[in-house]
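Engineer: my_file24.txt is reproduced in full below (compact mmCIF, C-alpha atoms).
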# COMPACT_ATOMS: atom_id res chain seq x y z
CA MET O 168 32.62 65.49 46.88
CA ASN O 169 32.17 65.25 50.61
CA ASP O 170 33.01 68.13 52.86
CA GLU O 171 34.21 68.35 56.45
CA ARG O 172 30.70 68.91 57.78
CA ASP O 173 29.64 65.54 56.31
CA THR O 174 32.67 63.95 57.97
CA SER O 175 31.71 65.46 61.31
CA ASP O 176 28.15 64.15 60.88
CA LEU O 177 29.58 60.74 60.04
CA VAL O 178 31.63 60.70 63.25
CA SER O 179 28.50 61.48 65.28
CA ALA O 180 26.53 58.79 63.45
CA LEU O 181 29.21 56.14 63.97
CA ALA O 182 29.53 56.99 67.66
CA ALA O 183 25.75 56.88 68.09
CA ARG O 184 25.64 53.39 66.55
CA LEU O 185 28.59 51.99 68.47
CA THR O 186 28.10 48.54 69.92
CA PRO O 187 30.61 46.56 71.98
CA VAL O 188 32.74 44.14 69.97
CA ARG O 189 34.74 41.08 70.91
CA ARG O 190 38.40 41.63 70.16
CA LEU O 191 40.04 39.04 67.94
CA ARG O 192 42.56 36.87 69.73
CA PRO O 193 46.20 36.96 68.57
CA PRO O 194 46.66 35.37 65.12
CA ALA O 195 48.89 32.53 66.36
CA LEU O 196 46.25 31.50 68.90
CA ARG O 197 43.52 31.65 66.27
CA ALA O 198 45.63 29.52 63.92
CA LEU O 199 46.19 26.97 66.69
CA GLY O 200 42.49 26.91 67.52
CA TRP O 201 41.61 26.28 63.88
CA LEU O 202 44.22 23.54 63.65
CA ALA O 203 42.89 21.87 66.78
CA LEU O 204 39.37 21.89 65.32
CA VAL O 205 40.57 20.35 62.05
CA ALA O 206 42.65 17.75 63.88
CA ALA O 207 39.63 16.77 65.96
CA LEU O 208 37.46 16.46 62.85
CA ALA O 209 40.09 14.59 60.78
CA ALA O 210 41.41 12.26 63.50
CA TRP O 211 38.73 9.60 63.18
CA PRO O 212 38.65 9.31 59.34
CA VAL O 213 42.45 9.20 59.20
CA ALA O 214 42.72 6.61 61.95
CA HIS O 215 39.87 4.54 60.50
CA TYR O 216 40.62 4.62 56.78
CA SER O 217 44.37 5.11 56.46
CA ASN O 218 47.14 2.59 56.92
CA VAL O 219 48.99 4.10 59.87
CA PRO O 220 51.63 1.32 60.23
CA VAL O 221 52.63 1.75 56.56
CA PHE O 222 52.82 5.51 57.05
CA LEU O 223 55.04 5.08 60.13
CA ALA O 224 57.30 2.68 58.20
CA ARG O 225 57.59 5.17 55.34
CA ILE O 226 58.56 8.12 57.48
CA ALA O 227 61.34 6.05 59.00
CA VAL O 228 63.13 6.83 55.72
CA PRO O 229 64.85 10.21 56.25
CA ARG O 230 63.97 11.63 52.83
CA VAL O 231 60.29 10.79 53.25
CA ALA O 232 60.36 12.16 56.79
CA VAL O 233 61.82 15.43 55.49
CA GLU O 234 59.21 15.55 52.75
CA CYS O 235 56.32 14.99 55.19
CA ALA O 236 57.73 17.47 57.70
CA ALA O 237 58.19 20.10 54.99
CA THR O 238 54.62 19.56 53.79
CA LEU O 239 53.28 20.04 57.31
CA LEU O 240 55.55 23.03 57.92
CA THR O 241 54.33 24.64 54.70
CA ALA O 242 50.76 24.23 55.88
CA LEU O 243 51.52 25.65 59.35
CA ALA O 244 53.54 28.60 58.01
CA ALA O 245 50.89 29.48 55.43
CA LEU O 246 48.18 29.15 58.07
CA LEU O 247 49.93 31.53 60.44
CA ALA O 248 50.66 33.93 57.58
CA ALA O 249 47.00 33.96 56.53
CA PHE O 250 45.82 34.84 60.05
CA GLU O 251 48.51 37.53 60.39
CA LEU O 252 47.79 39.03 56.96
CA SER O 253 44.09 39.23 57.69
CA LEU O 254 44.81 42.06 60.17
CA PRO O 255 45.33 45.61 58.92
CA ASP O 256 48.61 46.43 60.65
CA ARG O 257 50.64 43.29 59.95
CA SER O 258 53.59 43.27 57.56
CA ARG O 259 53.06 41.97 54.05
CA ARG O 260 56.28 40.03 54.50
CA TRP O 261 54.30 37.39 56.39
CA ALA O 262 53.38 36.13 52.92
CA LEU O 263 57.01 35.02 52.45
CA LEU O 264 56.98 32.75 55.50
CA PRO O 265 55.73 29.58 53.74
CA LEU O 266 58.20 29.89 50.86
CA ALA O 267 61.16 28.21 52.58
CA PRO O 268 59.27 25.06 53.71
CA LEU O 269 57.51 24.97 50.32
CA ALA O 270 60.88 24.96 48.57
CA LEU O 271 62.10 22.21 50.89
CA TRP O 272 58.94 20.17 50.23
CA ILE O 273 59.36 20.46 46.45
CA ALA O 274 63.08 19.71 46.70
CA ALA O 275 62.52 16.61 48.86
CA SER O 276 59.78 15.36 46.55
CA GLY O 277 61.93 16.09 43.51
CA TYR O 278 64.78 14.13 45.02
CA GLY O 279 62.40 11.22 45.50
CA CYS O 280 61.33 11.48 41.87
CA LEU O 281 64.92 10.93 40.75
CA ALA O 282 64.85 7.60 42.54
CA ASN O 283 61.36 6.58 41.45
CA GLY O 284 61.29 7.75 37.83
CA LEU O 285 58.30 8.90 35.87
CA GLY O 286 55.77 6.60 37.48
CA GLY O 287 52.19 6.57 36.21
CA GLY O 288 49.97 3.70 35.26
CA GLY O 289 51.81 2.39 32.28
CA PRO O 290 50.95 2.66 28.56
CA GLY O 291 47.56 4.30 27.97
CA ASP O 292 47.28 5.47 31.56
CA LEU O 293 49.99 8.01 32.16
CA LEU O 294 48.40 9.46 35.29
CA GLY O 295 47.58 6.16 37.03
CA GLU O 296 47.14 6.44 40.81
CA SER O 297 48.35 10.07 40.65
CA ARG O 298 44.92 11.09 39.38
CA ARG O 299 43.42 10.00 42.70
CA CYS O 300 46.05 12.01 44.59
CA PHE O 301 45.02 15.11 42.63
CA MET O 302 41.37 14.53 43.42
CA PHE O 303 42.15 13.82 47.08
CA ILE O 304 44.02 17.13 47.53
CA VAL O 305 41.35 19.16 45.72
CA MET O 306 38.39 17.48 47.43
CA ALA O 307 39.95 17.52 50.90
CA SER O 308 40.76 21.21 50.42
CA VAL O 309 37.10 22.12 49.98
CA PRO O 310 35.91 21.53 53.57
CA LEU O 311 39.26 22.75 54.93
CA ALA O 312 38.95 25.98 52.94
CA ALA O 313 35.35 26.45 54.03
CA LEU O 314 36.41 26.15 57.68
CA LEU O 315 39.50 28.33 57.29
CA PHE O 316 37.87 31.19 55.42
CA TRP O 317 34.95 31.14 57.81
CA ALA O 318 37.52 31.90 60.51
CA LEU O 319 39.55 34.36 58.44
CA ARG O 320 36.61 36.48 57.30
CA ARG O 321 35.96 37.51 60.87
CA ALA O 322 38.88 39.93 60.48
CA ARG O 323 37.31 41.47 57.34
CA PRO O 324 40.71 41.65 55.60
CA LEU O 325 41.39 44.95 53.85
CA ALA O 326 43.72 43.25 51.35
CA PRO O 327 42.03 39.90 50.60
CA LEU O 328 44.42 38.62 47.92
CA PRO O 329 47.44 37.72 50.12
CA VAL O 330 45.06 36.22 52.69
CA ALA O 331 43.39 34.14 49.99
CA LEU O 332 46.68 32.92 48.55
CA THR O 333 48.30 31.97 51.86
CA GLY O 334 45.06 30.45 53.14
CA ALA O 335 44.69 28.37 49.99
CA LEU O 336 48.29 27.20 50.23
CA ALA O 337 47.67 26.24 53.86
CA VAL O 338 44.65 24.06 53.12
CA ALA O 339 46.21 22.49 50.01
CA ALA O 340 49.42 21.69 51.87
CA LEU O 341 47.45 20.28 54.79
CA ALA O 342 45.45 18.12 52.38
CA ALA O 343 48.72 16.96 50.80
CA PHE O 344 50.04 16.09 54.26
CA VAL O 345 46.92 14.09 55.13
CA LEU O 346 47.29 12.38 51.76
CA GLN O 347 50.55 10.88 53.01
CA PHE O 348 48.50 8.66 55.33
CA PHE O 349 46.70 7.22 52.30
CA HIS O 350 49.69 7.21 49.94
CA PRO O 351 51.66 4.00 50.58
CA PHE O 352 54.24 4.66 47.89
CA ASP O 353 56.97 7.18 47.11
CA VAL O 354 56.27 10.13 44.88
CA THR O 355 57.02 9.97 41.19
CA VAL O 356 57.42 12.81 38.70
CA ILE O 357 53.76 12.51 37.74
CA ASP O 358 52.81 12.47 41.43
CA LEU O 359 54.77 15.60 42.15
CA ALA O 360 53.41 17.38 39.08
CA LEU O 361 49.86 16.52 40.01
CA HIS O 362 50.37 17.49 43.66
CA LEU O 363 51.59 20.90 42.51
CA ALA O 364 48.76 21.14 39.98
CA ALA O 365 46.26 20.38 42.75
CA ILE O 366 47.74 23.09 44.96
CA ALA O 367 47.66 25.56 42.06
CA THR O 368 44.02 24.61 41.37
CA VAL O 369 43.02 25.22 44.96
CA MET O 370 44.88 28.55 45.05
CA LEU O 371 43.31 29.67 41.80
CA ALA O 372 39.81 28.68 42.90
CA VAL O 373 40.17 30.47 46.23
CA THR O 374 41.61 33.56 44.54
CA VAL O 375 38.66 33.72 42.16
CA LEU O 376 36.13 33.10 44.92
CA ARG O 377 37.75 35.40 47.50
CA PRO O 378 34.97 38.01 47.48
CA MET O 379 32.56 35.27 48.54
CA LEU O 380 34.97 33.60 50.94
CA LEU O 381 36.30 36.71 52.66
CA GLY O 382 33.41 39.13 52.25
CA ARG O 383 33.24 41.86 49.64
CA GLU O 384 32.37 44.63 52.04
CA ALA O 385 35.70 44.28 53.81
CA ALA O 386 37.59 45.37 50.75
CA ALA O 387 35.19 48.04 49.58
CA PRO O 388 32.84 49.65 52.12
CA TRP O 389 31.22 51.76 49.41
CA ALA O 390 30.02 48.59 47.72
CA ALA O 391 27.92 47.75 50.78
CA GLY O 392 26.21 51.16 50.92
CA ARG O 393 27.75 54.58 51.10
CA TYR O 394 27.67 57.20 53.77
CA SER O 395 23.99 57.88 53.35
CA ALA O 396 23.39 54.65 55.24
CA TRP O 397 25.16 56.14 58.24
CA LEU O 398 23.90 59.70 58.17
CA MET C 153 43.86 66.55 74.21
CA ASP C 154 46.04 69.42 72.98
CA PRO C 155 45.81 69.47 69.17
CA GLY C 156 49.51 70.35 68.97
CA THR C 157 50.64 67.11 70.60
CA PRO C 158 52.56 64.92 68.07
CA ALA C 159 50.80 61.78 66.89
CA GLU C 160 53.42 59.55 68.55
CA ASP C 161 52.63 61.08 71.95
CA ARG C 162 48.90 60.76 71.41
CA ASP C 163 49.16 57.05 70.63
CA PRO C 164 48.68 55.75 74.20
CA GLN C 165 45.57 57.92 74.59
CA TRP C 166 44.18 56.75 71.23
CA SER C 167 44.88 53.17 72.18
CA GLU C 168 43.03 53.65 75.47
CA TRP C 169 40.06 55.32 73.74
CA MET C 170 39.90 52.48 71.21
CA ARG C 171 39.95 49.90 73.97
CA ALA C 172 37.04 51.73 75.61
CA ALA C 173 35.25 51.97 72.23
CA GLN C 174 35.61 48.22 71.74
CA ASP C 175 33.86 47.83 75.08
CA GLY C 176 31.04 50.11 73.89
CA ASP C 177 32.05 53.56 75.24
CA ALA C 178 30.53 55.88 72.61
CA ALA C 179 31.96 59.09 74.15
CA ALA C 180 35.52 57.71 73.99
CA TYR C 181 34.88 56.56 70.45
CA GLU C 182 33.68 59.96 69.30
CA ARG C 183 36.67 61.64 70.97
CA LEU C 184 38.97 59.19 69.22
CA LEU C 185 37.46 59.65 65.77
CA ARG C 186 37.56 63.44 66.04
CA ASP C 187 41.10 63.40 67.40
CA ILE C 188 42.50 61.17 64.65
CA LEU C 189 40.89 63.13 61.79
CA PRO C 190 43.78 65.60 61.28
CA LEU C 191 46.24 62.70 61.03
CA VAL C 192 43.92 60.80 58.68
CA ARG C 193 43.62 63.85 56.44
CA ALA C 194 47.37 64.43 56.51
CA LEU C 195 48.06 60.80 55.54
CA ALA C 196 45.35 60.91 52.87
CA ARG C 197 46.91 64.06 51.42
CA ARG C 198 50.29 62.38 50.84
CA ASP C 199 51.75 62.00 47.36
CA GLY C 200 49.78 64.92 45.99
CA ALA C 201 46.27 63.54 46.42
CA ARG C 202 43.66 65.91 45.07
CA PRO C 203 41.99 67.98 47.80
CA ALA C 204 38.62 66.80 46.53
CA ASP C 205 39.62 63.20 47.30
CA VAL C 206 41.01 63.80 50.78
CA GLU C 207 37.63 64.07 52.49
CA ASP C 208 36.32 61.03 50.59
CA VAL C 209 39.28 58.99 51.82
CA ALA C 210 38.83 60.32 55.37
CA GLN C 211 35.23 59.15 55.38
CA ASP C 212 36.15 55.76 53.94
CA VAL C 213 38.76 55.43 56.68
CA LEU C 214 36.22 56.24 59.41
CA LEU C 215 33.82 53.65 58.04
CA THR C 216 36.59 51.08 57.82
CA VAL C 217 37.80 51.81 61.36
CA HIS C 218 34.23 51.22 62.48
CA ARG C 219 33.92 47.94 60.59
CA VAL C 220 37.25 46.47 61.65
CA ARG C 221 37.51 47.95 65.16
CA HIS C 222 37.49 44.44 66.61
CA THR C 223 40.82 43.72 64.89
CA TYR C 224 42.71 46.33 66.91
CA ASP C 225 44.84 44.81 69.66
CA PRO C 226 45.23 47.36 72.51
CA ALA C 227 48.59 45.79 73.35
CA ARG C 228 49.94 47.17 70.07
CA PRO C 229 50.38 50.83 69.02
CA PHE C 230 47.31 52.42 67.46
CA ARG C 231 48.97 54.63 64.84
CA PRO C 232 50.35 51.84 62.57
CA TRP C 233 46.93 50.16 62.64
CA LEU C 234 45.29 53.40 61.57
CA ALA C 235 48.01 54.25 59.01
CA ALA C 236 47.58 50.82 57.36
CA ILE C 237 43.85 51.47 56.98
CA VAL C 238 44.47 54.94 55.50
CA ALA C 239 47.06 53.54 53.08
CA ARG C 240 44.61 50.88 51.93
CA ARG C 241 41.80 53.36 51.42
CA ARG C 242 44.10 55.75 49.52
CA ILE C 243 44.97 52.94 47.12
CA ASP C 244 41.28 52.12 46.71
CA ALA C 245 40.52 55.80 46.02
CA LEU C 246 43.26 55.96 43.39
CA ARG C 247 41.94 52.82 41.73
CA ARG C 248 38.42 54.21 41.80
CA ARG C 249 39.59 57.48 40.26
CA SER C 250 41.57 55.59 37.62
CA ARG C 251 38.48 53.49 36.76
CA ILE C 252 36.33 56.59 36.49
CA GLY C 253 39.00 58.29 34.37
CA ARG C 254 39.01 55.39 31.93
CA PHE C 255 35.27 55.38 31.34
CA GLU C 256 34.12 58.97 31.90
CA VAL C 257 35.07 62.15 30.06
CA ALA C 258 34.47 65.59 31.54
CA ASP C 259 32.81 67.93 29.04
CA ASP C 260 33.33 71.53 30.12
CA ALA C 261 30.97 72.77 27.43
CA ALA C 262 28.10 70.66 28.69
CA HIS C 263 26.43 73.40 30.74
CA GLU C 264 23.33 72.64 32.65
CA THR C 265 20.30 74.84 32.43
CA PHE C 266 17.25 75.03 34.64
CA ALA C 267 13.65 76.03 34.21
CA ASP C 268 13.99 78.81 36.80
CA PRO C 269 16.03 81.64 35.21
CA GLY C 270 17.48 82.54 38.63
CA ALA C 271 19.13 79.10 38.87
CA ASN C 272 21.16 79.81 35.74
CA GLN C 273 22.75 82.99 37.05
CA GLU C 274 26.06 81.38 37.93
CA LEU C 275 26.41 79.62 34.59
CA GLU C 276 25.41 82.71 32.73
CA GLY C 277 27.63 85.02 34.74
CA VAL C 278 29.92 85.90 31.86
CA ARG C 279 27.02 86.92 29.63
CA ALA C 280 25.39 88.86 32.47
CA GLY C 281 28.65 90.75 33.10
CA THR C 282 28.81 91.87 29.47
CA GLU C 283 25.21 93.04 29.54
CA LEU C 284 25.75 94.93 32.81
CA GLY C 285 28.71 96.79 31.28
CA GLU C 286 26.51 97.97 28.43
CA LEU C 287 23.80 99.11 30.84
CA LEU C 288 26.33 101.02 32.97
CA ARG C 289 27.52 102.90 29.90
CA ALA C 290 23.94 104.01 29.27
CA LEU C 291 23.75 105.75 32.67
CA PRO C 292 24.32 109.53 33.07
CA PRO C 293 28.03 110.16 33.89
CA ARG C 294 27.58 111.24 37.56
CA GLN C 295 25.24 108.30 38.30
CA ARG C 296 27.64 105.86 36.59
CA ALA C 297 30.66 107.21 38.49
CA ALA C 298 28.80 106.98 41.82
CA LEU C 299 27.59 103.43 41.16
CA GLU C 300 30.97 102.17 39.95
CA ALA C 301 32.77 103.63 42.95
CA VAL C 302 30.33 102.45 45.65
CA LYS C 303 28.86 99.18 44.28
CA VAL C 304 31.43 97.84 41.82
CA ARG C 305 34.73 98.90 43.41
CA GLU C 306 33.14 98.83 46.87
CA LEU C 307 34.76 102.05 48.10
CA THR C 308 33.33 103.65 51.22
CA LEU C 309 31.13 106.69 50.70
CA ALA C 310 33.89 108.91 52.10
CA GLU C 311 36.51 107.45 49.73
CA ALA C 312 34.16 107.71 46.74
CA ALA C 313 33.31 111.30 47.66
CA ALA C 314 36.99 112.22 47.90
CA GLU C 315 37.70 110.59 44.54
CA SER C 316 34.71 111.92 42.56
CA GLY C 317 34.43 115.35 44.12
CA GLN C 318 30.76 114.73 44.92
CA THR C 319 29.43 115.12 48.44
CA VAL C 320 28.41 112.03 50.39
CA GLY C 321 24.78 113.13 50.14
CA ALA C 322 25.05 113.61 46.37
CA LEU C 323 26.71 110.19 46.02
CA LYS C 324 23.87 108.50 47.91
CA VAL C 325 21.30 110.21 45.70
CA ASN C 326 23.20 109.31 42.51
CA VAL C 327 23.65 105.66 43.54
CA HIS C 328 19.95 105.45 44.33
CA ARG C 329 19.03 107.02 41.00
CA ALA C 330 21.48 104.80 39.10
CA LEU C 331 19.96 101.64 40.58
CA LYS C 332 16.49 102.87 39.74
CA THR C 333 17.55 103.57 36.15
CA LEU C 334 19.19 100.14 35.87
CA ARG C 335 16.05 98.41 37.11
CA ARG C 336 14.09 100.26 34.47
CA LEU C 337 16.60 99.37 31.73
CA MET C 338 16.67 95.69 32.75
CA GLY C 339 12.92 95.55 33.04
CA THR C 340 13.20 94.17 36.56
CA THR C 341 10.42 94.85 38.96
CA ASP C 342 12.27 93.22 41.85
CA GLY C 343 15.35 95.35 42.42
CA ARG C 344 16.68 93.57 45.50
CA ASP C 345 19.49 91.90 43.54
CA LEU C 346 20.86 95.28 42.58
CA ASP C 347 21.03 96.59 46.14
In structure tokens, how does this file's structure come out?
Structural biologist:
Amino acid sequence: MNDERDTSDLVSALAARLTPVRRLRPPALRALGWLALVAALAAWPVAHYSNVPVFLARIAVPRVAVECAATLLTALAALLAAFELSLPDRSRRWALLPLAPLALWIAASGYGCLANGLGGGGPGDLLGESRRCFMFIVMASVPLAALLFWALRRARPLAPLPVALTGALAVAALAAFVLQFFHPFDVTVIDLALHLAAIATVMLAVTVLRPMLLGREAAAPWAAGRYSAWL
Amino acid sequence: MDPGTPAEDRDPQWSEWMRAAQDGDAAAYERLLRDILPLVRALARRDGARPADVEDVAQDVLLTVHRVRHTYDPARPFRPWLAAIVARRRIDALRRRSRIGRFEVADDAAHETFADPGANQELEGVRAGTELGELLRALPPRQRAALEAVKVRELTLAEAAAESGQTVGALKVNVHRALKTLRRLMGTTDGRDLD
């Protein structure tokens, strides 16, 4: 048990070791900065390797446009929520922000499935091209997650789980949006299922790896050395 | 700052001190940490937290404030930022206690003992009390009455004299003789503990 004298000693020790710190900028600005960095990094590969005219022709269809917009909105909402939730005094309700665009995205994709049927690669190859979509979302999420959690861990989140979940949803949704540039066909049931499976995979992986991604000491200071280190 | 000022009214001052602390002002930081401690303890004590845990949580909160001080935005109120940290650390403390409770069992009978007999006095207090009672009964009646009144019941010499009918001088002599007899009976050469 620690007594009040130890606490007083701790205050003196913390004050004696104080160093100036750079305040974090507002979460929305940080989210925008991260997005700008990713856009700068992704612009050339997307422009060089994707079929932009086909993409533009596809989004001329209202349902596809809604689907793409909802995907991007999901990513943006989850991104903002992750930056907000990384701070101690922000409401947990930020975690609900991406739910509405996510529902719209799933609904728009589901509506497309009705028109396009099961899809897949025919007998013996149920997954077909959808397998590549799954891999694209998962693989594209890796560098995006590395960049995002590098930025998020600066806040040393006290409650890492909601930050991990919203951050993972943000990168997976962003990867799914970028996939649209390389996806010159409408979604099928298999497509949609695999897109959702890819998002779930990314969220699960990030959740499991969150101590590494967000820093263990943020959640448990005693794990990084107890008071004796300060006294 | 006046300790009686409500936390809401102290908020602007805390916010200002934290802003200064973020810029490296150690004096402002120390003032802030000392000034927020009563509130931290009060928040940590909520929902019937055990007193033994309150100081642990307070120290965890101070360490956390130190680690995440860059996340405080001086444009926002300080108290919610602090309260969120306290709430988080209280939850962590409860989880820690629950984990310990699952894997550790307190054994009240598992007394410690030490090589130095003096170190065991507290643990052996009950036994020592019984032995002392027996020794007191072996004293002559006037010595026992004097010792019980002055050393056990801690009456003043005047009160003990009025109660026992002995003079103050006689009481002093009888207390002195009683202690000497006790030392002899206990086989103690160092009688300081009995004085």
Engineer: Excluding region 169-185 of chain C and its own-chain neighbours fewer than 6 positions away, which residues fall within 10 Å of it when counting all atoms listed in the file? Please give them as a list in words.
Structural biologist: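 The residues that qualify are Ser175, Leu177, Val178, Ser179, Ala180, Leu181, Ala182, Ala183, Arg184, Leu185, Thr186, Pro187, Val188, Arg189 and Arg190 of chain O; Met153, Asp163, Val192, Leu214, Val217, His218, Arg221, His222, Thr223, Tyr224, Asp225, Pro226, Ala227 and Phe230 of chain C.
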Engineer: Point out the residue among O:Phe349, O:Tyr278, O:Thr355, O:Ala367 with the least atom-to-atom distance to His215 (chain O), counting all atoms listed in the file.
Structural biologist: O:Phe349
Engineer: Let me make sure I understand: among O:Leu281, O:Leu239, O:Leu254, O:Ala372, which one has the smallest atom-to-atom distance to chain C if we use only C-alpha atoms?
Structural biologist: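 The answer is O:Leu254, which sits nearest to chain C.
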Engineer: Hey, could you pull the box centre and edge lengths for region 175-192 of chain O, axis-aligned, 5 Å padding per side, all listed atoms, to one decimal in Å, as AutoDock Vina command-line options?
Structural biologist:
--center_x 34.1 --center_y 51.2 --center_z 66.0 --size_x 26.9 --size_y 38.6 --size_z 21.9
Engineer: Report the distance between CA of Gly321 (chain C) and CA of Val302 (chain C) in Å, rounded to one decimal place.
Structural biologist: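 Pair CA of Gly321 (chain C) / CA of Val302 (chain C) returns 12.8 Å.
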Engineer: If you measure from CA of Val373 (chain O) to CA of Ile304 (chain O), what distance in Å do you get, rounded to one decimal?
Structural biologist: 13.9 Å
Engineer: One number please: CA of Thr374 (chain O) to CA of Pro327 (chain O), in Å, one decimal.
Structural biologist: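 CA of Pro327 (chain O) lies 8.8 Å from CA of Thr374 (chain O).
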Engineer: What lies within 8 Å of Cys235 (chain O) using all atoms listed in the file, ignoring chain neighbours under 3 positions off, as a ChimeraX atom specification?
Structural biologist: /O:226,231-232,238-239,272,344,347
Engineer: Please tell me which residues are no farther than 10 Å from (57.1, 25.1, 55.6) in the file, counting all atoms listed in the file, and write them as a list of chain:residue names.
Structural biologist: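 Final list of nearby residues, as requested, is O:Ala236, O:Ala237, O:Thr238, O:Leu239, O:Leu240, O:Thr241, O:Ala242, O:Leu243, O:Ala244, O:Ala245, O:Leu264, O:Pro265, O:Leu266, O:Ala267, O:Pro268, O:Leu269, O:Ala270, O:Leu271, O:Trp272, O:Ala337, O:Ala340.
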Engineer: Contacts of Glu171 (chain O) at 12 Å or less, counting all atoms listed in the file, minus same-chain residues fewer than 3 places along, as a ChimeraX atom specification?
Structural biologist: /O:168,174-178 /C:186,189-190,193,203-211
Engineer: Measuring atom to atom with all atoms listed in the file, identify which of O:Cys300, O:Val330, O:Ala274, O:Ala360 is nearest to Glu251 (chain O).
Structural biologist: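 Closest candidate: O:Val330.
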Engineer: When you count all atoms listed in the file, which of these residues is closest to Ala195 (chain O): O:Leu252, O:Leu208, O:Leu325, O:Leu314?
Structural biologist: O:Leu252
